[in-house]
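Here's work_14.csv, which has CSV, C-alpha atoms and all ligand atoms:
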```
chain,number,residue,atom,x,y,z
U,19,MET,CA,-8.2,35.2,-20.6
U,20,TYR,CA,-6.0,32.3,-19.7
U,21,SER,CA,-3.1,30.9,-21.7
U,22,GLU,CA,-3.9,28.2,-24.3
U,23,ASP,CA,-2.3,24.9,-23.9
U,24,ARG,CA,0.4,24.0,-26.4
U,25,LYS,CA,0.8,20.3,-25.6
U,26,PHE,CA,-2.9,19.5,-25.8
U,27,ASP,CA,-5.9,21.1,-27.3
U,28,ILE,CA,-7.6,23.0,-24.4
U,29,LYS,CA,-8.6,26.5,-23.6
U,30,LEU,CA,-8.9,27.6,-20.0
U,31,ARG,CA,-11.7,30.2,-19.4
U,32,PRO,CA,-14.1,31.3,-16.8
U,33,ALA,CA,-17.4,29.2,-16.9
U,34,GLU,CA,-20.3,30.8,-18.8
U,35,VAL,CA,-24.0,30.3,-18.2
U,36,ASP,CA,-24.2,27.9,-21.1
U,37,ASP,CA,-21.7,25.6,-19.4
U,38,LEU,CA,-24.0,24.9,-16.4
U,39,GLN,CA,-25.5,21.6,-17.7
U,40,LYS,CA,-22.2,20.4,-19.1
U,41,ILE,CA,-20.5,20.9,-15.8
U,42,ILE,CA,-23.4,19.1,-13.9
U,43,ASP,CA,-23.0,16.2,-16.3
U,44,LEU,CA,-19.2,16.0,-16.0
U,45,ASP,CA,-19.4,16.3,-12.2
U,46,THR,CA,-22.0,13.5,-12.1
U,47,LEU,CA,-19.7,11.4,-14.2
U,48,VAL,CA,-16.7,12.1,-12.1
U,49,SER,CA,-18.3,12.0,-8.6
U,50,GLY,CA,-21.2,9.6,-9.2
U,51,ILE,CA,-23.7,12.1,-7.6
U,52,GLU,CA,-25.8,14.6,-9.5
U,53,LYS,CA,-25.8,18.0,-7.7
U,54,LYS,CA,-28.0,20.2,-9.8
U,55,THR,CA,-28.9,22.7,-7.0
U,56,TYR,CA,-25.3,22.9,-5.8
U,57,TRP,CA,-24.1,23.9,-9.3
U,58,GLU,CA,-27.0,26.4,-9.8
U,59,ASP,CA,-26.0,28.0,-6.4
U,60,ARG,CA,-22.4,28.1,-7.5
U,61,PHE,CA,-23.3,29.9,-10.7
U,62,ASP,CA,-25.4,32.4,-8.8
U,63,ARG,CA,-22.4,33.0,-6.5
U,64,LEU,CA,-20.2,33.7,-9.5
U,65,LYS,CA,-22.4,36.6,-10.2
U,66,SER,CA,-22.6,37.9,-6.7
U,67,ALA,CA,-19.0,37.4,-5.5
U,68,ASP,CA,-15.9,38.5,-7.4
U,69,SER,CA,-13.8,36.2,-5.3
U,70,SER,CA,-15.6,33.2,-6.5
U,71,HIS,CA,-14.1,31.3,-9.5
U,72,LEU,CA,-15.3,28.5,-11.8
U,73,ILE,CA,-12.7,27.8,-14.5
U,74,VAL,CA,-13.3,25.3,-17.3
U,75,ALA,CA,-11.0,23.5,-19.7
U,76,GLY,CA,-12.8,23.7,-23.1
U,77,SER,CA,-12.0,21.7,-26.1
U,78,LEU,CA,-10.2,23.3,-29.0
U,79,ASP,CA,-11.1,20.4,-31.3
U,80,PRO,CA,-13.1,21.8,-34.2
U,81,LYS,CA,-15.3,18.7,-34.1
U,82,SER,CA,-16.4,19.3,-30.5
U,83,PRO,CA,-15.9,23.0,-29.8
U,84,ASP,CA,-18.4,23.2,-26.9
U,85,GLU,CA,-17.1,20.1,-25.0
U,86,ILE,CA,-15.9,20.7,-21.5
U,87,LEU,CA,-13.0,18.5,-20.5
U,88,GLY,CA,-12.5,19.6,-16.9
U,89,PHE,CA,-13.5,22.2,-14.3
U,90,ILE,CA,-12.3,23.6,-11.0
U,91,VAL,CA,-14.3,25.6,-8.6
U,92,GLY,CA,-13.2,27.7,-5.6
U,93,GLU,CA,-13.1,31.1,-3.9
U,94,VAL,CA,-11.2,33.3,-1.6
U,95,ARG,CA,-12.6,33.2,1.9
U,96,ALA,CA,-11.4,35.3,4.8
U,97,TRP,CA,-11.6,35.0,8.6
U,98,GLU,CA,-13.6,31.8,8.7
U,99,PHE,CA,-12.0,29.5,11.3
U,100,GLY,CA,-9.8,32.5,12.2
U,101,SER,CA,-8.0,32.1,8.9
U,102,ARG,CA,-6.5,35.0,6.9
U,103,PRO,CA,-7.7,35.4,3.3
U,104,CYS,CA,-7.1,32.1,1.6
U,105,GLY,CA,-8.2,30.4,-1.6
U,106,TRP,CA,-10.3,27.4,-1.3
U,107,ILE,CA,-10.7,24.7,-3.9
U,108,PHE,CA,-14.2,23.1,-3.5
U,109,ALA,CA,-14.1,20.6,-6.4
U,110,ILE,CA,-12.1,19.6,-9.4
U,111,GLY,CA,-12.9,17.1,-12.2
U,112,VAL,CA,-11.3,16.0,-15.5
U,113,SER,CA,-13.2,13.9,-17.9
U,114,PRO,CA,-11.9,10.3,-17.5
U,115,ASP,CA,-11.0,10.1,-21.2
U,116,TYR,CA,-8.6,13.1,-20.9
U,117,ARG,CA,-6.8,12.4,-17.7
U,118,VAL,CA,-3.1,12.4,-17.0
U,119,ARG,CA,-2.5,14.9,-19.8
U,120,GLY,CA,-1.9,17.9,-17.6
U,121,ILE,CA,-5.4,19.3,-17.7
U,122,GLY,CA,-5.9,19.1,-13.9
U,123,GLU,CA,-2.6,20.8,-13.3
U,124,LYS,CA,-3.5,23.7,-15.7
U,125,LEU,CA,-6.8,24.1,-13.9
U,126,PHE,CA,-5.1,24.1,-10.6
U,127,ASP,CA,-2.5,26.8,-11.8
U,128,ALA,CA,-5.3,28.9,-13.2
U,129,ILE,CA,-7.3,29.0,-9.9
U,130,CYS,CA,-4.1,29.7,-7.9
U,131,GLU,CA,-3.5,32.7,-10.2
U,132,SER,CA,-7.1,33.9,-9.8
U,133,CYS,CA,-7.0,33.6,-6.0
U,134,LYS,CA,-3.7,35.3,-5.8
U,135,LYS,CA,-5.1,38.3,-7.8
U,136,ASP,CA,-7.9,38.4,-5.1
U,137,GLY,CA,-5.3,38.8,-2.4
U,138,ALA,CA,-4.9,35.2,-1.2
U,139,ASN,CA,-1.4,34.1,-0.2
U,140,SER,CA,-2.2,30.4,0.0
U,141,ILE,CA,-4.7,27.9,-1.3
U,142,ARG,CA,-6.3,24.9,0.5
U,143,THR,CA,-8.7,22.1,-0.1
U,144,MET,CA,-10.1,19.1,1.7
U,145,ILE,CA,-9.8,15.5,0.6
U,146,ALA,CA,-11.1,12.3,1.9
U,147,ARG,CA,-8.3,10.5,3.7
U,148,ARG,CA,-8.7,7.4,1.5
U,149,ASP,CA,-9.0,9.3,-1.8
U,150,GLN,CA,-5.5,8.5,-3.0
U,151,LEU,CA,-6.1,9.8,-6.5
U,152,ASN,CA,-7.1,13.3,-5.5
U,153,MET,CA,-4.6,13.3,-2.6
U,154,SER,CA,-1.7,12.3,-5.0
U,155,PHE,CA,-2.8,14.9,-7.5
U,156,PHE,CA,-2.9,17.8,-5.0
U,157,ARG,CA,0.3,16.7,-3.4
U,158,ALA,CA,2.0,16.7,-6.9
U,159,GLN,CA,1.0,20.3,-7.1
U,160,GLY,CA,3.0,21.0,-4.0
U,161,MET,CA,0.1,21.0,-1.5
U,162,MET,CA,1.0,19.7,2.0
U,163,GLY,CA,-0.8,19.3,5.4
U,164,GLY,CA,-1.8,22.7,6.5
U,165,PRO,CA,-2.1,24.3,10.0
U,166,PHE,CA,-5.7,23.1,10.5
U,167,ILE,CA,-7.2,19.8,11.3
U,168,GLU,CA,-10.8,19.0,10.3
U,169,LEU,CA,-12.9,17.6,13.2
U,170,GLU,CA,-16.4,16.2,13.1
U,171,LYS,CA,-19.0,14.4,15.1
U,172,SER,CA,-21.9,12.2,14.0
U,173,LEU,CA,-25.3,13.7,14.8
U,174,ARG,CA,-27.2,10.5,14.5
D,29,MET,CA,6.9,9.0,14.1
D,30,LYS,CA,10.0,6.8,14.0
D,31,LEU,CA,10.8,4.6,11.1
D,32,GLN,CA,13.1,1.6,11.4
D,33,LYS,CA,16.7,2.1,10.3
D,34,ALA,CA,16.3,-0.2,7.2
D,35,THR,CA,13.3,1.8,6.1
D,36,GLN,CA,15.0,5.1,6.5
D,37,PHE,CA,18.1,3.8,4.5
D,38,GLY,CA,15.7,2.4,1.9
D,39,LEU,CA,14.1,5.8,1.4
D,40,TYR,CA,17.5,7.6,1.2
D,41,ALA,CA,18.8,5.1,-1.4
D,42,VAL,CA,15.7,5.0,-3.6
D,43,LEU,CA,15.3,8.8,-3.6
D,44,GLU,CA,19.0,9.4,-4.2
D,45,LEU,CA,18.8,7.1,-7.2
D,46,ALA,CA,15.5,8.4,-8.4
D,47,ARG,CA,16.8,11.9,-8.4
D,48,ASP,CA,18.8,11.1,-11.5
D,49,PRO,CA,17.7,7.7,-13.1
D,50,SER,CA,20.6,7.8,-15.6
D,51,ARG,CA,23.2,7.8,-12.8
D,52,GLN,CA,24.5,4.7,-11.1
D,53,LEU,CA,25.8,4.8,-7.6
D,54,SER,CA,27.5,2.1,-5.4
D,55,ALA,CA,26.3,1.3,-1.9
D,56,ILE,CA,29.5,2.9,-0.6
D,57,GLU,CA,28.8,6.2,-2.4
D,58,ILE,CA,25.3,6.4,-1.1
D,59,ALA,CA,26.4,5.4,2.4
D,60,ASP,CA,29.1,8.0,2.5
D,61,LYS,CA,26.7,10.7,1.5
D,62,TYR,CA,24.2,9.9,4.3
D,63,GLY,CA,26.8,8.9,6.9
D,64,ILE,CA,25.4,5.4,7.3
D,65,SER,CA,26.7,1.8,7.3
D,66,SER,CA,27.5,0.6,3.8
D,67,ASN,CA,27.0,-3.0,4.9
D,68,HIS,CA,23.6,-2.4,6.1
D,69,LEU,CA,22.8,-0.3,3.0
D,70,ALA,CA,24.0,-3.1,0.7
D,71,LYS,CA,21.4,-5.4,2.2
D,72,VAL,CA,18.7,-2.7,1.9
D,73,LEU,CA,19.7,-2.2,-1.8
D,74,ARG,CA,19.2,-5.9,-2.4
D,75,ASP,CA,15.7,-5.7,-0.9
D,76,LEU,CA,15.0,-2.7,-3.2
D,77,GLY,CA,16.3,-4.7,-6.1
D,78,ARG,CA,14.0,-7.6,-5.4
D,79,ALA,CA,11.1,-5.2,-5.2
D,80,GLY,CA,11.9,-4.0,-8.7
D,81,LEU,CA,12.7,-0.4,-7.7
D,82,VAL,CA,16.4,-0.5,-8.4
D,83,ASP,CA,18.7,-2.5,-10.8
D,84,ALA,CA,22.1,-3.8,-9.9
D,85,VAL,CA,24.6,-2.8,-12.6
D,86,ARG,CA,27.2,-5.6,-12.8
D,87,GLY,CA,30.9,-5.4,-13.5
D,88,ALA,CA,33.7,-2.9,-12.7
D,89,GLY,CA,32.2,0.4,-11.6
D,90,GLY,CA,28.9,-1.4,-11.0
D,91,GLY,CA,26.4,-0.1,-8.6
D,92,TYR,CA,22.7,0.6,-8.6
D,93,ARG,CA,20.3,2.5,-10.8
D,94,PHE,CA,16.7,3.5,-10.3
D,95,SER,CA,14.5,1.3,-12.5
D,96,SER,CA,10.9,2.1,-11.7
D,97,ASN,CA,8.4,4.9,-12.3
D,98,SER,CA,9.0,7.7,-9.8
D,99,LYS,CA,5.6,9.3,-10.6
D,100,ARG,CA,3.8,6.2,-9.4
D,101,VAL,CA,5.9,4.8,-6.6
D,102,THR,CA,4.8,6.3,-3.3
D,103,LEU,CA,6.8,6.6,-0.1
D,104,MET,CA,4.4,4.0,1.4
D,105,ASP,CA,5.4,1.5,-1.3
D,106,VAL,CA,9.0,1.8,-0.2
D,107,ILE,CA,8.2,1.7,3.5
D,108,ASN,CA,6.1,-1.4,3.0
D,109,ILE,CA,9.1,-3.3,1.7
D,110,PHE,CA,10.8,-3.0,5.1
D,111,GLU,CA,8.0,-2.6,7.7
D,112,ASP,CA,4.3,-2.7,8.3
D,113,ILE,CA,3.4,0.7,9.7
D,114,GLY,CA,0.1,1.7,11.1
D,115,SER,CA,-2.0,-1.3,10.7
D,116,GLU,CA,-3.5,-1.5,14.2
D,117,ALA,CA,-6.9,-2.5,12.8
D,118,SER,CA,-5.6,-5.5,10.9
D,119,GLY,CA,-2.4,-6.2,12.8
D,120,THR,CA,-1.5,-7.6,16.2
D,121,SER,CA,-3.5,-6.7,19.2
D,122,ASP,CA,-2.1,-5.4,22.4
D,123,LEU,CA,-3.0,-6.6,25.9
D,124,GLY,CA,-6.0,-4.7,27.1
D,125,ASP,CA,-7.3,-3.9,23.6
D,126,GLY,CA,-10.6,-5.6,24.4
D,127,THR,CA,-11.4,-3.4,27.4
D,128,ASP,CA,-13.5,-0.3,27.1
D,129,ILE,CA,-10.5,2.0,27.7
D,130,GLY,CA,-8.4,-0.2,25.4
D,131,ARG,CA,-11.0,0.1,22.6
D,132,ALA,CA,-11.2,3.9,23.0
D,133,LEU,CA,-7.5,4.2,22.8
D,134,LEU,CA,-7.5,2.0,19.7
D,135,VAL,CA,-9.9,4.4,18.0
D,136,ILE,CA,-7.4,7.2,18.5
D,137,ARG,CA,-4.4,5.2,17.4
D,138,ASN,CA,-6.4,4.2,14.3
D,139,GLU,CA,-7.1,7.8,13.5
D,140,ILE,CA,-3.4,8.6,13.7
D,141,ASP,CA,-2.5,5.6,11.6
D,142,GLU,CA,-4.9,6.4,8.9
D,143,ILE,CA,-3.5,9.9,8.6
D,144,THR,CA,0.0,8.4,8.4
D,145,GLN,CA,-1.0,6.0,5.7
D,146,ALA,CA,-2.8,8.6,3.7
D,147,THR,CA,0.2,10.9,3.9
D,148,PHE,CA,2.9,8.3,2.9
D,149,GLY,CA,0.5,6.7,0.4
D,150,SER,CA,-0.1,9.9,-1.5
D,151,ILE,CA,3.4,11.3,-1.9
D,152,THR,CA,5.2,9.8,-4.9
D,153,LEU,CA,9.0,9.9,-5.2
D,154,ASP,CA,8.6,12.4,-7.9
D,155,THR,CA,6.4,14.6,-5.7
D,156,LEU,CA,8.9,14.5,-2.9
D,157,LEU,CA,11.8,15.4,-5.1
D,158,LYS,CA,9.8,18.2,-6.8
D,159,THR,CA,8.7,19.6,-3.4
D,160,MET,CA,12.3,19.6,-2.2
D,161,ARG,CA,13.4,21.6,-5.2
D,162,TRP,CA,10.6,24.1,-4.7
D,163,GLN,CA,11.4,24.5,-1.0
D,164,ARG,CA,15.1,25.0,-2.0
D,165,ASP,CA,14.1,27.7,-4.6
D,166,VAL,CA,12.0,29.5,-2.0
D,167,ILE,CA,15.0,29.7,0.4
O,201,LIG,C1,-7.5,14.3,-9.9
O,201,LIG,C2,-7.7,14.8,-11.3
O,201,LIG,C3,-8.4,16.1,-11.3
O,201,LIG,C4,-6.4,14.9,-12.0
O,201,LIG,O1,-6.6,15.4,-13.3
O,201,LIG,P1,-5.6,15.1,-14.5
O,201,LIG,O2,-5.9,16.0,-15.6
O,201,LIG,O3,-5.6,13.7,-14.8
O,201,LIG,O4,-4.2,15.5,-13.8
O,201,LIG,P2,-2.8,15.9,-14.5
O,201,LIG,O5,-2.6,15.2,-15.8
O,201,LIG,O6,-2.7,17.4,-14.6
O,201,LIG,O7,-1.8,15.3,-13.5
O,201,LIG,C5,-0.9,16.2,-12.7
O,201,LIG,C6,-0.1,15.3,-11.8
O,201,LIG,O8,-1.0,14.7,-10.8
O,201,LIG,C7,-0.5,13.4,-10.4
O,201,LIG,N1,-1.5,12.4,-10.8
O,201,LIG,C8,-2.6,12.6,-11.7
O,201,LIG,N2,-3.3,11.4,-11.8
O,201,LIG,C9,-2.6,10.5,-11.1
O,201,LIG,C10,-2.8,9.1,-10.8
O,201,LIG,N3,-3.8,8.4,-11.4
O,201,LIG,N4,-1.9,8.5,-10.0
O,201,LIG,C11,-0.9,9.2,-9.4
O,201,LIG,N5,-0.6,10.5,-9.6
O,201,LIG,C12,-1.5,11.2,-10.4
O,201,LIG,C13,0.7,13.2,-11.2
O,201,LIG,O9,1.8,13.6,-10.5
O,201,LIG,C14,0.5,14.1,-12.4
O,201,LIG,O10,1.7,14.5,-13.0
O,201,LIG,P3,2.3,13.6,-14.3
O,201,LIG,O11,1.3,13.6,-15.3
O,201,LIG,O12,3.5,14.4,-14.6
O,201,LIG,O13,2.5,12.3,-13.7
O,201,LIG,C15,-8.6,13.7,-12.1
O,201,LIG,O14,-8.0,12.5,-11.9
O,201,LIG,C16,-10.0,13.6,-11.6
O,201,LIG,O15,-10.9,14.3,-12.1
O,201,LIG,N6,-10.3,12.8,-10.6
O,201,LIG,C17,-11.6,12.7,-10.0
O,201,LIG,C18,-11.8,14.0,-9.2
O,201,LIG,C19,-12.9,13.8,-8.2
O,201,LIG,O16,-13.1,12.8,-7.6
O,201,LIG,N7,-13.6,14.9,-8.0
O,201,LIG,C20,-14.7,14.9,-7.1
O,201,LIG,C21,-14.2,15.5,-5.7
O,201,LIG,S1,-13.4,17.0,-5.8
```

Just give me the structure of the file as structure tokens.
Amino acid sequence: MYSEDRKFDIKLRPAEVDDLQKIIDLDTLVSGIEKKTYWEDRFDRLKSADSSHLIVAGSLDPKSPDEILGFIVGEVRAWEFGSRPCGWIFAIGVSPDYRVRGIGEKLFDAICESCKKDGANSIRTMIARRDQLNMSFFRAQGMMGGPFIELEKSLR
Amino acid sequence: MKLQKATQFGLYAVLELARDPSRQLSAIEIADKYGISSNHLAKVLRDLGRAGLVDAVRGAGGGYRFSSNSKRVTLMDVINIFEDIGSEASGTSDLGDGTDIGRALLVIRNEIDEITQATFGSITLDTLLKTMRWQRDVI
């Protein structure tokens, strides 16, 4: 479905049911928190909403054909917060052993392409202010401060 | 937000040199392009040299060349050479900061400072130059 990488052995493809546990494991490794229910919900949503995307970077190494080296998840949302149809990236993760080899960038390009096909003219995400790694990565993809500001209040 | 003159000149110089790392330019050439004082820029270039971002090329036709990694150096790294921006929490305190209104205002200033730091700290020289090219291609 997506083009294969020439520089490095990966294959971008939509996630399949069999990938669920591998994505949970990789996300746990990347974020330090296991979110089994979240990922189960995301997989359900893939079935119910065409505008929802979960793309994985699979290994092309014959020794580990089923390995997942990275993932990106997002969907096109419309009219929430008064916003026109826009792609949202909810999470991205690349296996620590395979970083800085262009996998994150390819996942980003693939989700942009998918969201564009779904009618989105822009793509957005939310990043912790102090998370310099993710912030630098997304900025390197050309993302900039958008027209919205996130506000929140403690409920304690 | 306003940056000091030296900071602004430092950003011009380092980005102009990083745009083509194989090229060497003199202080006068860069100053002419940006319409700024070459004396002031010469001092700024020495500061950038001490910080390891540019190399002075000696001899006739000498000048400066970019000598760092544009994919890892952020705008904040360059700014920090010249001034300390947005460090209200750790920096000097203003008169009245200890009062209830002073503290409430400080919270707001810190919010703004944190956004400023996150922005400058996440944009590498390479990202800025790349974004610039994309914007030019769109126009
Ligand atoms: C952010 C992340 C996805 C990047 O993946 P990656 O495959 O390493 O990224 P790429 O190799 O495609 O890098 C693309 C560009 O991003 C920038 N970048 C990536 N890693 C960087 C780093 N450590 N420092 C600075 N810039 C970086 C660079 O500009 C890079 O281009 P370059 O390789 O030409 O220098 C990966 O580091 C990751 O999984 N981080 C943890 C994610 C996370 O916390 N997820 C949970 C919340 S969503």

Taking only C-alpha atoms into account, report as an MDAnalysis selection string which residues of chain U lie within 10 Å of chain D. chainID U and resid 146:163

For the interface of chain U with ligand LIG 201 (chain O) (cut-off 7 Å, counting only C-alpha atoms and all ligand atoms), please tabulate each contacting residue of chain U alongside its nearest pair of atoms and their separation in Å to one decimal, rows sorted by chain and increasing number, as a Markdown table.
```
| residue | atom | partner | partner_atom | distance |
| --- | --- | --- | --- | --- |
| U:Val48 | CA | O:LIG201 | C17 | 5.5 |
| U:Ser49 | CA | O:LIG201 | C20 | 4.9 |
| U:Phe108 | CA | O:LIG201 | S1 | 6.6 |
| U:Ala109 | CA | O:LIG201 | S1 | 3.7 |
| U:Ile110 | CA | O:LIG201 | S1 | 4.6 |
| U:Gly111 | CA | O:LIG201 | O15 | 3.4 |
| U:Val112 | CA | O:LIG201 | O15 | 3.8 |
| U:Ser113 | CA | O:LIG201 | O15 | 6.3 |
| U:Pro114 | CA | O:LIG201 | O15 | 6.8 |
| U:Tyr116 | CA | O:LIG201 | O2 | 6.6 |
| U:Arg117 | CA | O:LIG201 | O3 | 3.4 |
| U:Val118 | CA | O:LIG201 | O5 | 3.1 |
| U:Arg119 | CA | O:LIG201 | O5 | 4.0 |
| U:Gly120 | CA | O:LIG201 | O6 | 3.1 |
| U:Ile121 | CA | O:LIG201 | O2 | 3.9 |
| U:Gly122 | CA | O:LIG201 | O2 | 3.5 |
| U:Glu123 | CA | O:LIG201 | O6 | 3.6 |
| U:Lys124 | CA | O:LIG201 | O6 | 6.4 |
| U:Leu151 | CA | O:LIG201 | C10 | 5.5 |
| U:Asn152 | CA | O:LIG201 | C1 | 4.5 |
| U:Ser154 | CA | O:LIG201 | N5 | 5.1 |
| U:Phe155 | CA | O:LIG201 | O8 | 3.8 |
| U:Phe156 | CA | O:LIG201 | O8 | 6.8 |
| U:Ala158 | CA | O:LIG201 | O9 | 4.8 |
| U:Gln159 | CA | O:LIG201 | C6 | 6.9 |
```

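Neighbours of Glu44 (chain D) closer than or equal to 12 Å, with only C-alpha atoms counted and sequence neighbours fewer than 3 positions away skipped, come out as Phe37, Gly38, Leu39, Tyr40, Ala41, Arg47, Asp48, Pro49, Ser50, Arg51, Gln52, Leu53, Ser54, Ala55, Glu57, Ile58, Ala59, Lys61, Tyr62, Leu73, Val82, Tyr92, Arg93, Phe94, Ser98, Leu153, Asp154, Leu156 and Leu157 of chain D.
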
Just how far from CA of Met144 (chain U) is CA of Lys40 (chain U), in Å to one decimal?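 If I compute the distance from CA of Lys40 (chain U) to CA of Met144 (chain U), I get 24.1 Å.
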
Anything within 12 Å of (-22.4, 17.3, -14.3): list those residues as a ChimeraX atom specification, counting all atoms listed in the file and sticking to the file's coordinates. /U:37-58,86-89,109-113

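If only C-alpha atoms are the atoms counted, then among D:Gly124, D:Arg74, D:Asp141, D:Val135 the closest residue to Asp112 (chain D) is D:Asp141.
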
Go through D:Asp165, D:Ala70, D:Phe110, D:Asn97 one by one, measure the shortest atom-to-atom distance of each to Leu31 (chain D) using only C-alpha atoms, and give the residue with the smallest value.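 Comparing D:Asp165, D:Ala70, D:Phe110, D:Asn97 against Leu31 (chain D), the winner is D:Phe110.
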
Separation of CA of Ala34 (chain D) from CA of Asn108 (chain D) in Å: 11.1 Å

To one decimal place, how far is CA of Gln36 (chain D) from CA of Phe166 (chain U) in Å?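 Distance between the two atoms: 27.7 Å.
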